[in-house]
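First the structure, in the form of structure tokens, and then the observations on it.
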Amino acid sequence: MDTTVTTGEEQNVWSGGGNKPLGASYGKMMMWFFIMSDALTFSGFLAAYGFSRFKFIETWPIADEVFTHVPFFHGNFPMIYVAFMTFVLIMSSVTMVLAVDAGHKMQKNRVTWYMFLTIIGGIIFVGSQGWEWATFIKGDHGAIETKGGRILQFVDAKTGDRVGIADFSKEIAGERTQHENKSGIWFMNEGSLPSYTVNEVVEGFKANPNLLVRTELKNEEGHKTVLSREDSLKDLLGASQVVEGANLIHNEYGSRLFADFFFFITGFHGFHVFSGIVINIIIFFNVILGTYEKRRSYEMVEKVGLYWHFVDLVWVFVFTFFYLV
């Protein structure tokens with residue numbers, strides 16, 4: 001019995017029975033299967049994030065106090081740049097819809113331009129996400145981590161605004177010591193030291209009576225708890241190290257789990273967007289070469305469009321969980 005499948009003919013894509021499930025081609029159905037399985041993966045990640053957040057809700061960072069940066073601007077702009085990233089990604093979904101519609105009408109030039117705009121939107125989003133990662137890793141003001149793992153931030157007693165440790169730390173001669181080759185000490189490697197030592201931060205705090213310590217714990221109003229001057233000095237006695245920025249071990253903004261989930265989930269989503277950009281570029285050049293015009297079908301554009309819309313939809317949930325809730 002001849003079981004040869006001629007993929008160039010739409011009516012023979014499915015090799016048996018002669019009926020298409022839900023009226024979809026084989027390739028489109030497989031894309032839907034992939035999207036469903038990937039949706040379950042993201043759902044598991046976001047569910048784990050949600051459970052962890054509400055378990056440690058008292059110490060969870062406040063998004064409006066973390067994501068406040070805009071490139072080339074200095075100041076406090078909560079959520080502005082993240083909103084811009086979201087807008088760009090959603091608009092790239094619009095251009096993808098227009099590309100698919102143009103493909104149905106066999107309008108090659110319009111497909112080309114809309115695919116190009118979709119790719120540009122994806123590149124802007126991924127680049128913005130990379131900048132946001134770099135800013136999050138570098139940190140903003142710095143903080144102190146106690147021996148018990150608590151995070152102590154510094155605020156102005158009058159305004160309540162965050163104060164960076166660089167603004168008040170007192171430089172102490174001989175505090176910063178690192179091994180050097182000329183010293184004759186045998187060592188393999190050594191990590192970089194923080195900008196300031198614990199003693200420099202503590203002494204600078206003592207010399208500035210207008211400073212107070214803000215803990216990572218939230219009060220009844222949902223704001224971080226600000227200690228009195230006396231309690232601030234007591235808490236600083238348990239200081240262990242200076243923390244600048246966030247990574248998988250330390251986080252100047254609060255619970256380290258926040259940084260772990262942020263890097264993993266947004267990184268996983270960013271990888272999906274990057275993969276979509278690569279696939280879109282391949283499809284884009286095939287459109288230019290007239291590959292789908294010769295086939296008399298732009299179904300490949302529609303299939304990659306399904307993936308792109310899925311990536312956009314996932315970001316809506318990630319944006320909601322990390323930035324809005």
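For the structure tokens, the naming scheme is as follows: chains receive sequential letters (A, B, ...) according to their order of presentation, residues are indexed from 1 within each chain, and ligands are indexed from 1 in presentation order.
If you count only C-alpha atoms and ignore residues fewer than 3 places along the chain from region 255-258 of chain A, what sits within 8 Å of it is A:Ser52, A:Arg53, A:Phe56, A:Thr59, A:Trp60, A:Pro61, A:Glu216, A:Ala246, A:Asn247, A:Leu248, A:Ile249, A:His250, A:Asn251, A:Phe261, A:Phe262.
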message: For the structure I just gave you, how does DSSP split region 56-303 of chain A - specifically, which residues are strand (DSSP E or B)? Reply as a PyMOL selection string.
response: chain A and resi 70+73+143-146+151-156+162+211-218+224-226+239-243+246+251
task: Write out as a list in words each polymer residue whose atoms come within 12 Å of region 31-37 of chain A, counting only C-alpha atoms; drop sequence neighbours fewer than 3 positions from it.
output: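 The contact residues come out as Pro21, Leu22, Ala24, Ser25, Tyr26, Gly27, Lys28, Leu40, Thr41, Phe42, Ser43, Gly44, His272, Glu299, Met300, Glu302, Lys303, Val304, Gly305, Leu306, Tyr307, Trp308, His309, Phe310, Val311, Leu313 and Val314 of chain A.
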Need the shell around region 76-93 of chain A: protein/DNA/RNA residues with any atom at most 8 Å away, counting only C-alpha atoms. Skip same-chain ones fewer than 2 positions apart. Format as an mmCIF file with all heavy atoms, in the first residue's frame?
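As a result, selection_6.cif now contains:
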```
data_model
loop_
_atom_site.group_PDB
_atom_site.id
_atom_site.type_symbol
_atom_site.label_atom_id
_atom_site.label_comp_id
_atom_site.auth_asym_id
_atom_site.auth_seq_id
_atom_site.Cartn_x
_atom_site.Cartn_y
_atom_site.Cartn_z
ATOM 1 N N ALA A 63 6.968 46.215 43.494
ATOM 2 C CA ALA A 63 7.395 46.453 42.112
ATOM 3 C C ALA A 63 7.608 47.933 41.818
ATOM 4 O O ALA A 63 8.547 48.303 41.106
ATOM 5 C CB ALA A 63 6.369 45.862 41.153
ATOM 6 N N ASP A 64 6.762 48.784 42.363
ATOM 7 C CA ASP A 64 6.884 50.229 42.104
ATOM 8 C C ASP A 64 8.169 50.810 42.666
ATOM 9 O O ASP A 64 8.582 51.911 42.284
ATOM 10 C CB ASP A 64 5.693 50.970 42.709
ATOM 11 C CG ASP A 64 4.439 50.805 41.869
ATOM 12 O OD1 ASP A 64 4.568 50.340 40.723
ATOM 13 O OD2 ASP A 64 3.344 51.135 42.344
ATOM 14 N N GLU A 65 8.806 50.098 43.595
ATOM 15 C CA GLU A 65 10.058 50.569 44.177
ATOM 16 C C GLU A 65 11.276 49.906 43.532
ATOM 17 O O GLU A 65 12.407 50.277 43.830
ATOM 18 C CB GLU A 65 10.062 50.302 45.685
ATOM 19 C CG GLU A 65 8.967 51.040 46.443
ATOM 20 C CD GLU A 65 8.956 50.696 47.917
ATOM 21 O OE1 GLU A 65 9.757 49.819 48.328
ATOM 22 O OE2 GLU A 65 8.155 51.286 48.663
ATOM 23 N N VAL A 66 11.033 48.928 42.678
ATOM 24 C CA VAL A 66 12.131 48.198 42.033
ATOM 25 C C VAL A 66 12.317 48.654 40.589
ATOM 26 O O VAL A 66 13.424 49.012 40.173
ATOM 27 C CB VAL A 66 11.873 46.680 42.077
ATOM 28 C CG1 VAL A 66 12.993 45.927 41.350
ATOM 29 C CG2 VAL A 66 11.748 46.191 43.517
ATOM 30 N N PHE A 67 11.236 48.650 39.822
ATOM 31 C CA PHE A 67 11.319 48.943 38.391
ATOM 32 C C PHE A 67 10.971 50.408 38.156
ATOM 33 O O PHE A 67 9.869 50.752 37.721
ATOM 34 C CB PHE A 67 10.380 48.017 37.623
ATOM 35 C CG PHE A 67 10.622 46.566 37.923
ATOM 36 C CD1 PHE A 67 9.751 45.857 38.744
ATOM 37 C CD2 PHE A 67 11.738 45.907 37.424
ATOM 38 C CE1 PHE A 67 9.973 44.526 39.033
ATOM 39 C CE2 PHE A 67 11.973 44.580 37.716
ATOM 40 C CZ PHE A 67 11.088 43.885 38.528
ATOM 41 N N THR A 68 11.924 51.258 38.449
ATOM 42 C CA THR A 68 11.694 52.711 38.395
ATOM 43 C C THR A 68 12.587 53.422 37.391
ATOM 44 O O THR A 68 12.616 54.643 37.352
ATOM 45 C CB THR A 68 11.927 53.333 39.785
ATOM 46 O OG1 THR A 68 13.296 53.108 40.169
ATOM 47 C CG2 THR A 68 11.008 52.717 40.828
ATOM 48 N N HIS A 69 13.315 52.666 36.578
ATOM 49 C CA HIS A 69 14.317 53.282 35.713
ATOM 50 C C HIS A 69 13.831 53.415 34.275
ATOM 51 O O HIS A 69 13.062 52.597 33.773
ATOM 52 C CB HIS A 69 15.606 52.451 35.733
ATOM 53 C CG HIS A 69 16.184 52.285 37.100
ATOM 54 N ND1 HIS A 69 15.750 51.318 37.976
ATOM 55 C CD2 HIS A 69 17.154 52.966 37.753
ATOM 56 C CE1 HIS A 69 16.433 51.402 39.102
ATOM 57 N NE2 HIS A 69 17.287 52.401 39.004
ATOM 58 N N VAL A 70 14.300 54.457 33.624
ATOM 59 C CA VAL A 70 14.069 54.696 32.209
ATOM 60 C C VAL A 70 15.422 55.055 31.589
ATOM 61 O O VAL A 70 16.144 55.888 32.142
ATOM 62 C CB VAL A 70 13.059 55.838 31.973
ATOM 63 C CG1 VAL A 70 12.932 56.142 30.489
ATOM 64 C CG2 VAL A 70 11.700 55.472 32.560
ATOM 65 N N HIS A 74 17.257 60.224 34.591
ATOM 66 C CA HIS A 74 17.492 60.008 36.009
ATOM 67 C C HIS A 74 16.241 60.433 36.778
ATOM 68 O O HIS A 74 15.671 61.484 36.510
ATOM 69 C CB HIS A 74 18.706 60.817 36.486
ATOM 70 C CG HIS A 74 19.996 60.409 35.842
ATOM 71 N ND1 HIS A 74 20.654 59.245 36.165
ATOM 72 C CD2 HIS A 74 20.735 61.013 34.873
ATOM 73 C CE1 HIS A 74 21.750 59.147 35.439
ATOM 74 N NE2 HIS A 74 21.825 60.209 34.633
ATOM 75 N N THR A 95 0.980 43.889 14.127
ATOM 76 C CA THR A 95 1.616 43.810 12.804
ATOM 77 C C THR A 95 1.672 42.368 12.302
ATOM 78 O O THR A 95 1.578 42.129 11.095
ATOM 79 C CB THR A 95 3.033 44.399 12.847
ATOM 80 O OG1 THR A 95 3.804 43.743 13.872
ATOM 81 C CG2 THR A 95 2.982 45.890 13.154
ATOM 82 N N MET A 96 1.790 41.410 13.232
ATOM 83 C CA MET A 96 1.771 40.005 12.823
ATOM 84 C C MET A 96 0.395 39.605 12.291
ATOM 85 O O MET A 96 0.278 38.877 11.294
ATOM 86 C CB MET A 96 2.176 39.113 13.994
ATOM 87 C CG MET A 96 2.139 37.617 13.675
ATOM 88 S SD MET A 96 3.202 37.154 12.282
ATOM 89 C CE MET A 96 4.808 37.102 13.089
ATOM 90 N N VAL A 97 -0.666 40.104 12.942
ATOM 91 C CA VAL A 97 -2.022 39.845 12.449
ATOM 92 C C VAL A 97 -2.187 40.410 11.034
ATOM 93 O O VAL A 97 -2.758 39.759 10.149
ATOM 94 C CB VAL A 97 -3.073 40.472 13.398
ATOM 95 C CG1 VAL A 97 -4.452 40.454 12.748
ATOM 96 C CG2 VAL A 97 -3.109 39.711 14.713
ATOM 97 N N LEU A 117 8.242 44.835 10.514
ATOM 98 C CA LEU A 117 7.854 45.601 11.701
ATOM 99 C C LEU A 117 7.721 44.694 12.925
ATOM 100 O O LEU A 117 8.077 45.095 14.048
ATOM 101 C CB LEU A 117 6.539 46.338 11.443
ATOM 102 C CG LEU A 117 6.594 47.467 10.403
ATOM 103 C CD1 LEU A 117 5.196 48.034 10.148
ATOM 104 C CD2 LEU A 117 7.546 48.574 10.856
ATOM 105 N N THR A 118 7.241 43.478 12.712
ATOM 106 C CA THR A 118 7.131 42.519 13.818
ATOM 107 C C THR A 118 8.504 42.170 14.370
ATOM 108 O O THR A 118 8.707 42.122 15.598
ATOM 109 C CB THR A 118 6.419 41.242 13.348
ATOM 110 O OG1 THR A 118 5.118 41.571 12.848
ATOM 111 C CG2 THR A 118 6.285 40.242 14.492
ATOM 112 N N ILE A 119 9.450 41.949 13.479
ATOM 113 C CA ILE A 119 10.822 41.619 13.892
ATOM 114 C C ILE A 119 11.440 42.785 14.668
ATOM 115 O O ILE A 119 12.070 42.580 15.711
ATOM 116 C CB ILE A 119 11.675 41.258 12.662
ATOM 117 C CG1 ILE A 119 11.185 39.945 12.044
ATOM 118 C CG2 ILE A 119 13.149 41.151 13.039
ATOM 119 C CD1 ILE A 119 11.776 39.649 10.680
ATOM 120 N N GLY A 121 9.892 45.086 16.379
ATOM 121 C CA GLY A 121 9.250 45.141 17.690
ATOM 122 C C GLY A 121 9.823 44.108 18.645
ATOM 123 O O GLY A 121 10.067 44.398 19.828
ATOM 124 N N GLY A 122 10.055 42.896 18.140
ATOM 125 C CA GLY A 122 10.642 41.851 18.986
ATOM 126 C C GLY A 122 12.050 42.191 19.433
ATOM 127 O O GLY A 122 12.416 41.961 20.592
ATOM 128 N N ILE A 124 13.327 45.210 19.800
ATOM 129 C CA ILE A 124 13.238 46.283 20.796
ATOM 130 C C ILE A 124 12.871 45.699 22.160
ATOM 131 O O ILE A 124 13.449 46.088 23.187
ATOM 132 C CB ILE A 124 12.201 47.343 20.363
ATOM 133 C CG1 ILE A 124 12.701 48.093 19.128
ATOM 134 C CG2 ILE A 124 11.922 48.319 21.502
ATOM 135 C CD1 ILE A 124 11.683 49.059 18.558
ATOM 136 N N PHE A 125 11.938 44.765 22.169
ATOM 137 C CA PHE A 125 11.514 44.169 23.439
ATOM 138 C C PHE A 125 12.651 43.401 24.103
ATOM 139 O O PHE A 125 12.920 43.574 25.294
ATOM 140 C CB PHE A 125 10.319 43.243 23.212
ATOM 141 C CG PHE A 125 9.862 42.551 24.472
ATOM 142 C CD1 PHE A 125 9.000 43.187 25.351
ATOM 143 C CD2 PHE A 125 10.303 41.275 24.784
ATOM 144 C CE1 PHE A 125 8.584 42.566 26.523
ATOM 145 C CE2 PHE A 125 9.896 40.639 25.952
ATOM 146 C CZ PHE A 125 9.040 41.292 26.826
ATOM 147 N N SER A 128 15.258 45.738 25.377
ATOM 148 C CA SER A 128 14.782 46.428 26.581
ATOM 149 C C SER A 128 14.831 45.499 27.789
ATOM 150 O O SER A 128 15.180 45.921 28.900
ATOM 151 C CB SER A 128 13.348 46.924 26.366
ATOM 152 O OG SER A 128 13.291 47.856 25.309
ATOM 153 N N GLN A 129 14.493 44.239 27.572
ATOM 154 C CA GLN A 129 14.544 43.279 28.673
ATOM 155 C C GLN A 129 15.982 43.060 29.134
ATOM 156 O O GLN A 129 16.242 42.935 30.334
ATOM 157 C CB GLN A 129 13.920 41.956 28.243
ATOM 158 C CG GLN A 129 13.559 41.042 29.396
ATOM 159 C CD GLN A 129 12.710 39.869 28.965
ATOM 160 O OE1 GLN A 129 13.061 39.153 28.029
ATOM 161 N NE2 GLN A 129 11.596 39.656 29.646
ATOM 162 N N TRP A 308 3.850 33.613 17.881
ATOM 163 C CA TRP A 308 4.126 34.987 18.327
ATOM 164 C C TRP A 308 2.999 35.506 19.219
ATOM 165 O O TRP A 308 3.255 36.163 20.233
ATOM 166 C CB TRP A 308 4.311 35.889 17.115
ATOM 167 C CG TRP A 308 4.943 37.197 17.463
ATOM 168 C CD1 TRP A 308 4.323 38.409 17.548
ATOM 169 C CD2 TRP A 308 6.319 37.440 17.785
ATOM 170 N NE1 TRP A 308 5.218 39.393 17.893
ATOM 171 C CE2 TRP A 308 6.461 38.822 18.049
ATOM 172 C CE3 TRP A 308 7.446 36.617 17.857
ATOM 173 C CZ2 TRP A 308 7.670 39.402 18.390
ATOM 174 C CZ3 TRP A 308 8.658 37.186 18.201
ATOM 175 C CH2 TRP A 308 8.765 38.556 18.469
ATOM 176 N N HIS A 309 1.764 35.212 18.864
ATOM 177 C CA HIS A 309 0.639 35.643 19.694
ATOM 178 C C HIS A 309 0.686 34.951 21.054
ATOM 179 O O HIS A 309 0.348 35.564 22.082
ATOM 180 C CB HIS A 309 -0.689 35.334 19.000
ATOM 181 C CG HIS A 309 -0.874 36.071 17.715
ATOM 182 N ND1 HIS A 309 -0.443 37.367 17.529
ATOM 183 C CD2 HIS A 309 -1.439 35.700 16.540
ATOM 184 C CE1 HIS A 309 -0.740 37.764 16.303
ATOM 185 N NE2 HIS A 309 -1.343 36.763 15.681
ATOM 186 N N ASP A 312 3.198 36.715 23.206
ATOM 187 C CA ASP A 312 2.630 37.978 23.684
ATOM 188 C C ASP A 312 1.644 37.749 24.821
ATOM 189 O O ASP A 312 1.612 38.491 25.813
ATOM 190 C CB ASP A 312 1.929 38.713 22.539
ATOM 191 C CG ASP A 312 2.923 39.347 21.584
ATOM 192 O OD1 ASP A 312 4.132 39.112 21.760
ATOM 193 O OD2 ASP A 312 2.502 40.053 20.660
ATOM 194 N N TRP A 315 3.376 37.039 28.053
ATOM 195 C CA TRP A 315 3.934 38.243 28.662
ATOM 196 C C TRP A 315 2.870 39.024 29.428
ATOM 197 O O TRP A 315 3.171 39.649 30.448
ATOM 198 C CB TRP A 315 4.582 39.138 27.614
ATOM 199 C CG TRP A 315 5.090 40.412 28.229
ATOM 200 C CD1 TRP A 315 4.569 41.673 28.094
ATOM 201 C CD2 TRP A 315 6.202 40.550 29.120
ATOM 202 N NE1 TRP A 315 5.290 42.582 28.826
ATOM 203 C CE2 TRP A 315 6.297 41.915 29.473
ATOM 204 C CE3 TRP A 315 7.133 39.645 29.638
ATOM 205 C CZ2 TRP A 315 7.281 42.404 30.324
ATOM 206 C CZ3 TRP A 315 8.105 40.125 30.491
ATOM 207 C CH2 TRP A 315 8.183 41.480 30.830
ATOM 208 N N VAL A 316 1.645 39.005 28.957
ATOM 209 C CA VAL A 316 0.566 39.687 29.676
ATOM 210 C C VAL A 316 0.443 39.116 31.089
ATOM 211 O O VAL A 316 0.290 39.863 32.068
ATOM 212 C CB VAL A 316 -0.767 39.542 28.918
ATOM 213 C CG1 VAL A 316 -1.931 40.065 29.773
ATOM 214 C CG2 VAL A 316 -0.720 40.301 27.596
ATOM 215 N N PHE A 319 3.703 40.022 33.061
ATOM 216 C CA PHE A 319 3.613 41.445 33.410
ATOM 217 C C PHE A 319 2.665 41.654 34.594
ATOM 218 O O PHE A 319 2.961 42.413 35.520
ATOM 219 C CB PHE A 319 3.123 42.226 32.188
ATOM 220 C CG PHE A 319 2.893 43.687 32.438
ATOM 221 C CD1 PHE A 319 3.955 44.563 32.584
ATOM 222 C CD2 PHE A 319 1.598 44.194 32.522
ATOM 223 C CE1 PHE A 319 3.751 45.912 32.817
ATOM 224 C CE2 PHE A 319 1.377 45.542 32.752
ATOM 225 C CZ PHE A 319 2.459 46.402 32.901
ATOM 226 N N TYR A 323 4.653 42.735 37.906
ATOM 227 C CA TYR A 323 4.675 44.187 37.950
ATOM 228 C C TYR A 323 3.399 44.841 38.485
ATOM 229 O O TYR A 323 3.451 45.947 39.024
ATOM 230 C CB TYR A 323 4.939 44.744 36.546
ATOM 231 C CG TYR A 323 6.220 44.258 35.928
ATOM 232 C CD1 TYR A 323 6.247 43.186 35.044
ATOM 233 C CD2 TYR A 323 7.426 44.864 36.234
ATOM 234 C CE1 TYR A 323 7.425 42.743 34.467
ATOM 235 C CE2 TYR A 323 8.614 44.440 35.659
ATOM 236 C CZ TYR A 323 8.607 43.367 34.781
ATOM 237 O OH TYR A 323 9.777 42.926 34.225
#
```
Report as JSON lines the residues of region 78-173 of chain A within 12 Å of region 217-232 of chain A, each with its shortest atom pair and distance in Å (one decimal), using only C-alpha atoms, ordered by chain and increasing residue number.
```
{"residue": "A:Ile144", "atom": "CA", "partner": "A:Ser232", "partner_atom": "CA", "distance": 11.7}
{"residue": "A:Arg150", "atom": "CA", "partner": "A:Leu217", "partner_atom": "CA", "distance": 9.1}
{"residue": "A:Ile151", "atom": "CA", "partner": "A:Leu217", "partner_atom": "CA", "distance": 9.0}
{"residue": "A:Leu152", "atom": "CA", "partner": "A:Ser232", "partner_atom": "CA", "distance": 9.0}
{"residue": "A:Gln153", "atom": "CA", "partner": "A:Val226", "partner_atom": "CA", "distance": 9.2}
{"residue": "A:Phe154", "atom": "CA", "partner": "A:Val226", "partner_atom": "CA", "distance": 8.9}
{"residue": "A:Val155", "atom": "CA", "partner": "A:Val226", "partner_atom": "CA", "distance": 8.1}
{"residue": "A:Asp156", "atom": "CA", "partner": "A:Val226", "partner_atom": "CA", "distance": 10.1}
{"residue": "A:Ala157", "atom": "CA", "partner": "A:Arg229", "partner_atom": "CA", "distance": 8.9}
{"residue": "A:Lys158", "atom": "CA", "partner": "A:Val226", "partner_atom": "CA", "distance": 11.7}
{"residue": "A:Thr159", "atom": "CA", "partner": "A:Val226", "partner_atom": "CA", "distance": 11.8}
{"residue": "A:Gly160", "atom": "CA", "partner": "A:Val226", "partner_atom": "CA", "distance": 8.5}
{"residue": "A:Asp161", "atom": "CA", "partner": "A:Val226", "partner_atom": "CA", "distance": 11.0}
{"residue": "A:Arg162", "atom": "CA", "partner": "A:Val226", "partner_atom": "CA", "distance": 11.0}
```
task: Within region 73-193 of chain A, find each residue whose DSSP state, derived from the backbone, is helix (DSSP H, G or I), and express the selection as a ChimeraX atom specification.
output: /A:80-104,108-138,165-167,181-183
- request: For each of A:Leu236, A:Ile281, A:Val100, A:Ala47, take the minimum atom-to-atom distance to Gly148 (chain A), counting only C-alpha atoms, then give the residue where this is smallest.
  value: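 That would be A:Leu236, the residue with the smallest distance to Gly148 (chain A).
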task: Can you work out which one of A:Tyr253, A:Tyr196, A:Phe263, A:Phe271 has the shortest atom-to-atom distance to Arg214 (chain A), counting only C-alpha atoms?
output: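 Nearest candidate to Arg214 (chain A) out of A:Tyr253, A:Tyr196, A:Phe263, A:Phe271: A:Tyr253.
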- request: For CA of Ile277 (chain A) and CA of Asp38 (chain A), quote the distance in Å rounded to one decimal.
  value: 17.4 Å
query: Separation of CA of Ala134 (chain A) and CA of Gly245 (chain A), in Å?
result: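 Separation between CA of Ala134 (chain A) and CA of Gly245 (chain A): 9.5 Å.
Interatomic distance, CA of Val201 (chain A) to CA of Ser169 (chain A): 4.5 Å.
Among A:Ser297, A:Thr215, A:Thr266, A:Thr291, the residue with the shortest atom-to-atom distance to Glu252 (chain A), counting only C-alpha atoms, is A:Thr215.
Counting only C-alpha atoms and comparing A:Ala99, A:Ile172, A:Ala259, A:Phe205, the residue that lies closest to Tyr114 (chain A) is A:Ala99.
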- request: Measuring atom to atom with only C-alpha atoms, identify which of A:Lys55, A:Arg110, A:His141, A:Lys147 is nearest to Ile288 (chain A).
  value: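 Looking only at the distances to Ile288 (chain A), the closest residue turns out to be A:Arg110.
Using only C-alpha atoms for every distance, the candidate list A:Gly267, A:Gly290, A:Gly276, A:Gly204 yields A:Gly267 as the residue closest to Trp133 (chain A).
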